[in-house]
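final.txt follows; it contains compact mmCIF, C-alpha atoms and all ligand atoms.
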# COMPACT_ATOMS: atom_id res chain seq x y z
CA MET A 277 -40.12 8.92 -4.69
CA ILE A 278 -37.05 6.86 -5.32
CA ASN A 279 -37.39 4.30 -8.04
CA ARG A 280 -36.95 0.94 -6.40
CA PHE A 281 -36.26 -0.63 -9.74
CA ARG A 282 -33.26 1.43 -10.60
CA SER A 283 -31.44 -1.48 -9.09
CA PRO A 284 -30.38 -4.30 -9.07
CA LEU A 285 -26.92 -3.02 -9.56
CA SER A 286 -26.14 -3.29 -13.18
CA ILE A 287 -23.46 -5.82 -13.86
CA ALA A 288 -23.68 -5.39 -17.61
CA LEU A 289 -20.11 -4.30 -18.01
CA ALA A 290 -19.63 -3.65 -21.66
CA LEU A 291 -15.92 -4.36 -21.61
CA PHE A 292 -16.51 -7.79 -20.23
CA PHE A 293 -18.99 -8.56 -22.93
CA LEU A 294 -16.40 -7.51 -25.46
CA ALA A 295 -13.90 -9.76 -23.80
CA GLY A 296 -16.35 -12.61 -23.59
CA VAL A 297 -16.08 -12.85 -19.86
CA SER A 298 -19.05 -14.20 -18.02
CA LEU A 299 -19.72 -12.47 -14.76
CA PRO A 300 -20.68 -14.22 -11.58
CA ALA A 301 -24.23 -13.70 -10.42
CA ALA A 302 -23.09 -11.84 -7.35
CA ALA A 303 -22.42 -8.15 -7.51
CA SER A 304 -19.04 -6.93 -8.60
CA ARG A 305 -17.16 -3.83 -7.76
CA THR A 306 -18.29 -2.11 -10.89
CA TYR A 307 -21.37 -0.01 -11.51
CA GLN A 308 -22.84 1.03 -14.82
CA VAL A 309 -24.20 4.55 -14.70
CA GLN A 310 -27.95 4.77 -15.26
CA PRO A 311 -29.75 7.86 -16.59
CA GLY A 312 -30.26 10.35 -13.80
CA ASP A 313 -27.52 8.98 -11.54
CA THR A 314 -25.16 11.33 -9.79
CA VAL A 315 -21.73 10.55 -8.36
CA PHE A 316 -23.04 11.58 -4.96
CA GLN A 317 -25.88 9.07 -5.18
CA ILE A 318 -23.67 6.26 -6.46
CA ALA A 319 -21.16 6.94 -3.71
CA ARG A 320 -23.92 6.81 -1.11
CA TRP A 321 -25.17 3.47 -2.38
CA HIS A 322 -21.70 1.97 -2.15
CA GLY A 323 -20.63 3.41 1.15
CA ALA A 324 -17.94 5.42 -0.60
CA SER A 325 -17.23 9.12 -0.78
CA PRO A 326 -17.88 11.05 -4.03
CA GLU A 327 -14.20 12.06 -3.99
CA SER A 328 -13.00 8.47 -3.87
CA ILE A 329 -15.32 7.50 -6.74
CA ALA A 330 -13.99 10.43 -8.76
CA SER A 331 -10.36 9.65 -8.02
CA HIS A 332 -10.63 5.89 -8.57
CA ASN A 333 -12.17 6.49 -11.95
CA GLN A 334 -9.93 9.41 -12.81
CA LEU A 335 -12.97 11.45 -13.72
CA ASN A 336 -11.68 14.50 -15.50
CA ARG A 337 -14.39 16.67 -14.11
CA ALA A 338 -15.58 15.58 -10.71
CA GLY A 339 -19.20 14.63 -10.98
CA TYR A 340 -19.29 14.36 -14.73
CA ILE A 341 -20.58 10.91 -15.63
CA ILE A 342 -22.64 9.63 -18.52
CA PRO A 343 -25.21 6.84 -18.69
CA GLY A 344 -23.63 3.57 -19.71
CA GLN A 345 -20.26 4.52 -18.27
CA VAL A 346 -18.73 1.84 -16.07
CA LEU A 347 -17.38 3.01 -12.75
CA PHE A 348 -15.04 1.14 -10.50
CA ILE A 349 -16.24 1.30 -6.95
CA PRO A 350 -13.51 1.49 -4.32
CA GLU A 351 -14.00 -0.80 -1.39
CA PRO A 352 -15.23 1.22 1.57
CA ALA A 353 -12.90 1.36 4.52
CA THR A 354 -14.14 -0.68 7.44
CA LEU A 355 -13.53 -0.39 11.14
CA ALA A 356 -12.11 -3.28 13.13
CA ASP A 357 -15.56 -4.43 14.18
CA GLU A 358 -17.02 -4.19 10.67
CA LYS A 359 -16.80 -6.19 7.51
CA LEU A 360 -18.32 -5.75 4.07
CA TYR A 361 -21.30 -7.73 2.94
CA THR A 362 -22.86 -7.78 -0.52
CA VAL A 363 -26.63 -7.64 -0.51
CA GLN A 364 -28.12 -10.70 -2.19
CA ASN A 365 -31.40 -11.06 -4.08
CA ASN A 366 -34.55 -10.51 -2.04
CA GLU A 367 -32.75 -9.44 1.10
CA SER A 368 -33.98 -6.58 3.22
CA LEU A 369 -32.23 -4.58 5.86
CA PHE A 370 -34.25 -6.52 8.38
CA THR A 371 -33.17 -9.97 7.15
CA ILE A 372 -29.57 -8.82 7.05
CA ALA A 373 -29.82 -7.53 10.61
CA GLN A 374 -31.06 -10.98 11.63
CA LYS A 375 -28.39 -12.76 9.65
CA PHE A 376 -25.60 -10.85 11.37
CA GLN A 377 -27.29 -10.69 14.75
CA THR A 378 -27.43 -6.94 14.86
CA ASN A 379 -30.19 -4.36 14.73
CA LEU A 380 -31.52 -1.92 12.18
CA SER A 381 -30.14 1.15 13.90
CA TRP A 382 -26.60 -0.30 13.89
CA LEU A 383 -26.87 -0.97 10.15
CA ARG A 384 -28.42 2.44 9.41
CA GLN A 385 -25.80 4.28 11.40
CA ARG A 386 -22.75 2.41 10.14
CA ASN A 387 -23.89 2.62 6.52
CA TRP A 388 -25.11 6.20 6.59
CA LEU A 389 -28.51 5.04 5.41
CA SER A 390 -31.22 7.65 5.30
CA ALA A 391 -33.82 5.06 4.31
CA ASP A 392 -34.12 1.32 4.77
CA GLN A 393 -34.08 0.76 1.05
CA ILE A 394 -31.21 -1.44 -0.14
CA TYR A 395 -30.55 -3.18 -3.42
CA THR A 396 -28.94 -6.33 -4.71
CA GLY A 397 -25.22 -5.88 -5.03
CA GLN A 398 -25.01 -3.02 -2.57
CA TRP A 399 -22.14 -3.13 -0.09
CA LEU A 400 -23.16 -2.97 3.51
CA LYS A 401 -20.98 -2.79 6.54
CA VAL A 402 -22.04 -5.54 8.92
CA PRO A 403 -20.61 -6.61 12.27
CA ALA A 404 -17.40 -8.56 11.90
CA VAL A 405 -17.80 -11.88 13.60
CA THR A 406 -14.08 -12.34 13.99
CA GLN A 407 -11.29 -9.85 14.09
CA PRO A 408 -9.54 -9.57 10.73
CA ALA A 409 -6.30 -11.48 10.54
CA THR A 410 -3.24 -9.29 10.64
CA GLY A 411 -0.66 -9.28 7.91
CA GLY A 412 -2.53 -11.77 5.78
CA ASN A 413 -3.39 -9.44 2.96
CA GLY A 414 -0.69 -10.47 0.55
CA ASN A 415 1.38 -7.39 1.23
CA ALA A 416 3.01 -8.62 4.38
CA TYR A 417 6.33 -8.71 2.58
CA VAL A 418 6.46 -4.94 2.70
CA TRP A 419 7.59 -5.17 6.31
CA ASN A 420 11.34 -5.01 5.66
CA ILE A 421 11.32 -3.37 2.24
CA PRO A 422 12.00 0.19 3.49
CA ALA A 423 15.08 -1.15 5.28
CA LEU A 424 16.24 -2.99 2.16
CA MET A 425 15.68 0.13 0.06
CA ALA A 426 17.73 2.21 2.49
CA ARG A 427 20.47 -0.42 2.47
CA HIS A 428 20.66 -0.50 -1.34
CA PRO A 429 19.32 2.73 -2.82
CA GLY A 430 18.15 2.29 -6.39
CA LYS A 431 18.31 -1.49 -6.17
CA VAL A 432 14.92 -2.30 -4.67
CA PHE A 433 11.64 -1.21 -6.22
CA LEU A 434 7.97 -1.60 -5.54
CA GLN A 435 6.88 0.81 -8.25
CA GLY A 436 8.13 3.31 -10.76
CA ALA A 437 8.72 6.90 -9.73
CA THR A 438 7.24 8.29 -12.91
CA GLN A 439 4.46 10.85 -13.08
CA ARG A 440 3.71 9.67 -16.61
CA LYS A 441 0.72 7.42 -17.05
CA GLN A 442 2.78 4.29 -17.53
CA VAL A 443 2.32 0.93 -15.86
CA ALA A 444 4.05 -2.44 -16.20
CA LEU A 445 2.40 -5.85 -16.36
CA THR A 446 4.43 -8.57 -14.70
CA PHE A 447 3.68 -12.29 -14.76
CA ASP A 448 5.23 -14.62 -12.22
CA ASP A 449 5.88 -18.36 -11.89
CA GLY A 450 5.98 -19.31 -15.58
CA PRO A 451 6.63 -20.74 -17.98
CA ASP A 452 3.93 -23.35 -18.31
CA LEU A 453 2.33 -24.93 -21.35
CA GLU A 454 -1.22 -23.92 -20.57
CA TYR A 455 -1.63 -20.33 -19.44
CA THR A 456 1.65 -18.71 -20.45
CA PRO A 457 1.10 -19.32 -24.19
CA GLN A 458 -2.44 -17.94 -23.93
CA ILE A 459 -1.13 -14.84 -22.18
CA LEU A 460 1.54 -14.44 -24.86
CA ASP A 461 -1.14 -14.75 -27.54
CA LEU A 462 -3.18 -11.97 -25.94
CA LEU A 463 -0.19 -9.69 -25.39
CA ALA A 464 0.75 -10.15 -29.06
CA GLN A 465 -2.80 -9.46 -30.13
CA PHE A 466 -2.82 -6.16 -28.21
CA GLY A 467 0.78 -5.29 -29.03
CA VAL A 468 1.66 -5.04 -25.34
CA LYS A 469 5.07 -5.89 -23.85
CA ALA A 470 5.29 -7.42 -20.40
CA THR A 471 7.85 -8.82 -18.01
CA PHE A 472 7.92 -12.50 -17.03
CA PHE A 473 9.55 -13.53 -13.74
CA LEU A 474 10.47 -17.13 -14.40
CA LYS A 475 10.56 -19.97 -11.95
CA GLY A 476 13.58 -22.01 -12.98
CA ALA A 477 12.06 -25.35 -12.04
CA ASN A 478 9.32 -24.71 -14.58
CA ILE A 479 11.68 -24.20 -17.52
CA ALA A 480 12.75 -27.75 -18.43
CA GLY A 481 10.81 -28.95 -21.46
CA ARG A 482 9.28 -25.51 -21.94
CA GLU A 483 12.32 -23.73 -23.28
CA TRP A 484 10.42 -22.74 -26.41
CA VAL A 485 8.01 -20.69 -24.30
CA VAL A 486 10.93 -18.68 -22.93
CA THR A 487 12.32 -18.29 -26.43
CA ARG A 488 8.95 -17.05 -27.55
CA MET A 489 8.81 -14.46 -24.76
CA VAL A 490 12.09 -12.95 -25.82
CA ARG A 491 11.34 -13.18 -29.54
CA GLU A 492 8.07 -11.33 -29.00
CA GLY A 493 9.73 -8.47 -27.18
CA HIS A 494 8.99 -9.33 -23.57
CA LEU A 495 11.52 -9.25 -20.77
CA VAL A 496 12.47 -12.39 -18.90
CA ALA A 497 13.56 -12.08 -15.30
CA ASN A 498 14.49 -14.22 -12.34
CA HIS A 499 11.99 -15.59 -9.82
CA SER A 500 14.28 -18.20 -8.19
CA TYR A 501 14.54 -21.87 -9.08
CA SER A 502 12.21 -23.67 -6.67
CA HIS A 503 10.15 -20.75 -5.31
CA PRO A 504 11.17 -20.90 -1.63
CA ASP A 505 10.70 -18.16 0.93
CA PHE A 506 14.16 -16.57 0.90
CA ARG A 507 13.79 -15.47 4.49
CA LYS A 508 13.94 -19.12 5.48
CA LEU A 509 17.12 -19.79 3.50
CA THR A 510 20.77 -19.10 4.12
CA THR A 511 22.51 -16.53 1.96
CA VAL A 512 24.35 -19.30 0.14
CA GLN A 513 21.04 -21.02 -0.63
CA ILE A 514 19.49 -17.78 -1.85
CA VAL A 515 22.34 -17.12 -4.23
CA ALA A 516 22.18 -20.73 -5.48
CA GLU A 517 18.45 -20.40 -6.22
CA VAL A 518 18.98 -17.27 -8.28
CA THR A 519 22.12 -18.46 -10.02
CA LYS A 520 20.53 -21.71 -11.11
CA THR A 521 17.67 -19.95 -12.88
CA GLU A 522 20.07 -17.39 -14.33
CA GLY A 523 22.03 -20.25 -15.90
CA LEU A 524 18.92 -21.85 -17.38
CA VAL A 525 17.77 -18.56 -18.90
CA LYS A 526 21.22 -17.87 -20.26
CA ARG A 527 21.33 -21.25 -21.97
CA ILE A 528 18.09 -20.41 -23.78
CA THR A 529 18.40 -16.70 -24.45
CA GLY A 530 22.12 -16.04 -24.23
CA ARG A 531 21.42 -13.35 -21.64
CA GLU A 532 21.99 -13.19 -17.91
CA THR A 533 19.03 -11.97 -15.89
CA ALA A 534 19.57 -8.82 -13.83
CA LEU A 535 16.03 -8.36 -12.49
CA LEU A 536 14.90 -10.47 -9.58
CA ARG A 537 11.57 -10.85 -7.89
CA PRO A 538 12.04 -13.07 -4.86
CA PRO A 539 9.13 -15.47 -4.23
CA TYR A 540 6.45 -13.83 -2.08
CA GLY A 541 8.52 -10.64 -2.32
CA GLU A 542 10.58 -11.83 0.63
CA MET A 543 14.29 -11.07 0.91
CA THR A 544 16.92 -11.01 3.64
CA ALA A 545 19.36 -8.15 4.02
CA GLU A 546 22.40 -10.40 3.54
CA GLY A 547 20.84 -12.13 0.56
CA LEU A 548 20.21 -8.78 -1.05
CA ASP A 549 23.79 -7.69 -0.35
CA ARG A 550 25.12 -10.65 -2.29
CA LEU A 551 22.65 -10.35 -5.14
CA VAL A 552 23.23 -6.63 -5.63
CA THR A 553 26.94 -7.37 -5.80
CA ALA A 554 26.10 -9.98 -8.43
CA GLY A 555 24.38 -7.31 -10.52
CA TYR A 556 20.76 -7.75 -9.49
CA THR A 557 17.95 -5.28 -8.95
CA MET A 558 14.99 -6.47 -6.88
CA VAL A 559 11.59 -5.58 -8.28
CA ASN A 560 8.44 -6.41 -6.36
CA TRP A 561 5.06 -4.87 -7.12
CA SER A 562 2.70 -2.10 -6.10
CA VAL A 563 -0.56 -3.64 -7.35
CA ASP A 564 -1.48 -7.20 -6.44
CA SER A 565 -4.11 -8.58 -8.79
CA LYS A 566 -4.62 -11.46 -6.33
CA ASP A 567 -5.19 -13.60 -9.39
CA TRP A 568 -3.81 -16.60 -7.50
CA ARG A 569 -6.87 -16.66 -5.28
CA ALA A 570 -9.20 -19.46 -6.28
CA ASP A 571 -12.25 -17.36 -5.39
CA HIS A 572 -11.28 -14.44 -7.60
CA GLN A 573 -12.98 -14.36 -10.96
CA ALA A 574 -11.97 -12.17 -13.87
CA ASP A 575 -14.05 -9.18 -12.82
CA GLN A 576 -12.63 -9.33 -9.31
CA ILE A 577 -9.08 -9.44 -10.65
CA LEU A 578 -9.83 -6.44 -12.85
CA ALA A 579 -11.38 -4.56 -9.95
CA ASN A 580 -8.40 -5.41 -7.72
CA ILE A 581 -6.07 -3.87 -10.27
CA MET A 582 -8.09 -0.89 -11.43
CA SER A 583 -8.83 0.23 -7.90
CA GLN A 584 -5.10 0.52 -7.14
CA VAL A 585 -3.55 1.56 -10.41
CA LYS A 586 -1.69 4.86 -10.69
CA PRO A 587 1.25 6.21 -12.71
CA GLY A 588 4.27 3.96 -12.25
CA ALA A 589 2.29 0.98 -11.01
CA ILE A 590 3.90 -2.45 -11.21
CA ILE A 591 1.08 -4.95 -11.56
CA LEU A 592 1.55 -8.49 -10.24
CA MET A 593 -0.15 -11.31 -12.10
CA HIS A 594 0.72 -14.95 -12.73
CA SER A 595 1.28 -16.91 -15.91
CA ALA A 596 1.48 -20.29 -14.24
CA GLY A 597 0.11 -21.80 -11.08
CA GLY A 598 0.70 -24.68 -8.76
CA SER A 599 -0.55 -28.07 -9.83
CA GLY A 600 -4.27 -27.94 -10.39
CA GLN A 601 -4.40 -24.18 -10.02
CA ASP A 602 -6.73 -22.58 -12.52
CA LEU A 603 -5.51 -19.28 -13.95
CA THR A 604 -8.32 -19.05 -16.48
CA PRO A 605 -9.63 -15.90 -14.73
CA THR A 606 -6.25 -14.23 -15.29
CA VAL A 607 -6.40 -15.02 -18.99
CA LYS A 608 -10.00 -13.84 -19.18
CA ALA A 609 -9.28 -10.60 -17.34
CA LEU A 610 -6.32 -9.64 -19.50
CA PRO A 611 -8.09 -8.20 -22.59
CA ALA A 612 -10.40 -6.08 -20.45
CA LEU A 613 -7.46 -5.00 -18.31
CA ILE A 614 -5.43 -3.84 -21.29
CA THR A 615 -8.43 -2.14 -22.90
CA ASN A 616 -9.35 -0.41 -19.67
CA LEU A 617 -5.84 0.79 -18.88
CA GLN A 618 -5.42 2.15 -22.37
CA ALA A 619 -8.86 3.80 -22.28
CA MET A 620 -7.74 5.56 -19.12
CA GLY A 621 -4.68 6.86 -20.93
CA TYR A 622 -2.15 4.43 -19.49
CA GLU A 623 0.70 3.13 -21.58
CA ILE A 624 1.71 -0.43 -20.76
CA VAL A 625 5.49 -0.74 -20.82
CA PRO A 626 8.23 -3.24 -19.94
CA LEU A 627 9.76 -2.74 -16.50
CA THR A 628 12.89 -1.23 -17.96
CA ASP A 629 10.81 1.69 -19.28
CA LEU A 630 9.37 2.29 -15.84
CA LEU A 631 12.53 1.92 -13.77
CA PRO A 632 16.14 3.04 -14.23
CA VAL A 633 17.29 -0.55 -14.55
CA ALA A 634 18.60 -2.99 -17.13
CA ALA A 635 16.89 -6.32 -17.67
CA TYR A 636 20.11 -8.17 -18.37
CA LYS A 637 23.68 -8.02 -17.22
CA PRO A 638 25.97 -6.15 -19.57
CA GLY A 639 28.44 -7.77 -21.89
CA VAL A 640 26.78 -11.10 -22.43
ZN ZN A 701 5.85 -16.58 -7.46
I need this file expressed as C-alpha cells, please.
Ligand SMILES: [Zn+2]
Amino acid sequence: MINRFRSPLSIALALFFLAGVSLPAAASRTYQVQPGDTVFQIARWHGASPESIASHNQLNRAGYIIPGQVLFIPEPATLADEKLYTVQNNESLFTIAQKFQTNLSWLRQRNWLSADQIYTGQWLKVPAVTQPATGGNGNAYVWNIPALMARHPGKVFLQGATQRKQVALTFDDGPDLEYTPQILDLLAQFGVKATFFLKGANIAGREWVVTRMVREGHLVANHSYSHPDFRKLTTVQIVAEVTKTEGLVKRITGRETALLRPPYGEMTAEGLDRLVTAGYTMVNWSVDSKDWRADHQADQILANIMSQVKPGAIILMHSAGGSGQDLTPTVKALPALITNLQAMGYEIVPLTDLLPVAAYKPGV
C-alpha cells in the first residue's frame, strides 16, 4: 500500500529558509527526500530517469540519498505534442484529463504511470495546446556562435574549458542604485568575486558603484552603451557602442575593458573582426538563470542554474533591469546559489580564472 500522504511534494527547502526566501505555493523543481524514498521512486514521480536525477545532483554514489536531502529535479523532456503541467491541490488524474481535453490512458501512457495516484507538485506531461515557439528560449543567439568561434579562435567563449569544478557568476546591465549594491553586499558577505558586464548608459551618476566593484575585487567588463542588438547595427555603430562604454569605465577605473558581452549575446562577423582587432574577447554564457523573467521567483532561478551547472559554467544573471523591472528574486536567490554551489564543491571565480583571457587591455 502506497502512503498517499507521503506527498504533497515537500517544498521545505532548508537552504531557502536559511536564505530567508519565501517559496511560492506552487511546486518547485526541488524535492526533499523523505524517509524510505529511493531515487528510482523519486524519478518516477517526476517523469525523470534515475540517471538524470543522479547526474543533476552529482550524487557520488548513484542511489545514495538521505532523508532531508534536497534534490534538484531536472525538467523531463517533452515531445512536440506535450507540455509539462504541475499538479495543483486537490486535482486528480481525471480532472486533469478533463482540463486538457484528453483521456486517462493518454496521461497514463505518456507519464509512465502504473497507478492513477498523483500528488500536488508532480510534473505531468499533458497535451500541448499549441506548438512550442521555436528559438524563443533565450539561447537563440547561439545560432552563429560556432561560426564566430571558428573565425576568431580563442576570442569567443560560451563557457570555460576546465574540468575543475569552477564556475563564474556574471551580472549584466548594471550598475544601478538598487540591486547592484545589494548584490555587491552579498558577494562581499560570502567572499565571492564576480564579473559585471556594464551598460554604459547606466553609469552616469553611479560611478561610485563601479568604483566599488573594482575596489572589492570584481571584474568590470563591457556590455555596450545603449544595449542594442548588434546584429541590427553597422560595424561602425557596434564599435562606437563598445568604445563609448570603454571610455566611461576608463575614466572611473583607469582601465580599458577587454571583455565584451554583446547585448542578447548577438554579434556580427564584421563587428567581431573589428572588436578582436581592438583587443576584445567576447564572452557569452552557458547557463541562463532567466532571472529577467517576471514570472521567475528565487527558487525557479536557482533551479534554472543548478539544473545546468557543470565545471566551467558561465552563469548569466542581472544586476539591473529595465525601468520597473524587479530583480528582487535575483538578490534573494544569490545566497542560496552560492551556498549550494559551494556545497557541491564548486569554486566561484572571476572569468579570468575560468578563461585564458585578460579583463583589461595591457599597458593602461
Ligand atoms: Zn544585457
Quick one: residues within 9 Å of Val486 (chain A), all atoms listed in the file counted, chain neighbours fewer than 3 positions away excluded, as JSON, numbers by chain?
{"A": [450, 451, 474, 479, 482, 483, 489, 490, 491, 496, 525, 528, 529]}
Interatomic distance (Å, one decimal) between CA of Phe473 (chain A) and CA of Thr533 (chain A):
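Calculated distance between CA of Phe473 (chain A) and CA of Thr533 (chain A) is 9.8 Å.
The binding environment of ligand ZN 701 (chain A), defined as every protein, DNA or RNA residue with an atom no more than 7 Å away and counting only C-alpha atoms and all ligand atoms, comprises Asp448, Asp449, His499, His503, Pro539 and Tyr540 of chain A.
The nearest approach to Gln442 (chain A) among the residues A:Pro632, A:Pro311, A:Pro504, A:Gly588, with all atoms listed in the file taken into account, belongs to A:Gly588.
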Å distance separating CA of Tyr307 (chain A) from CA of Ile349 (chain A), one decimal place
7.0 Å
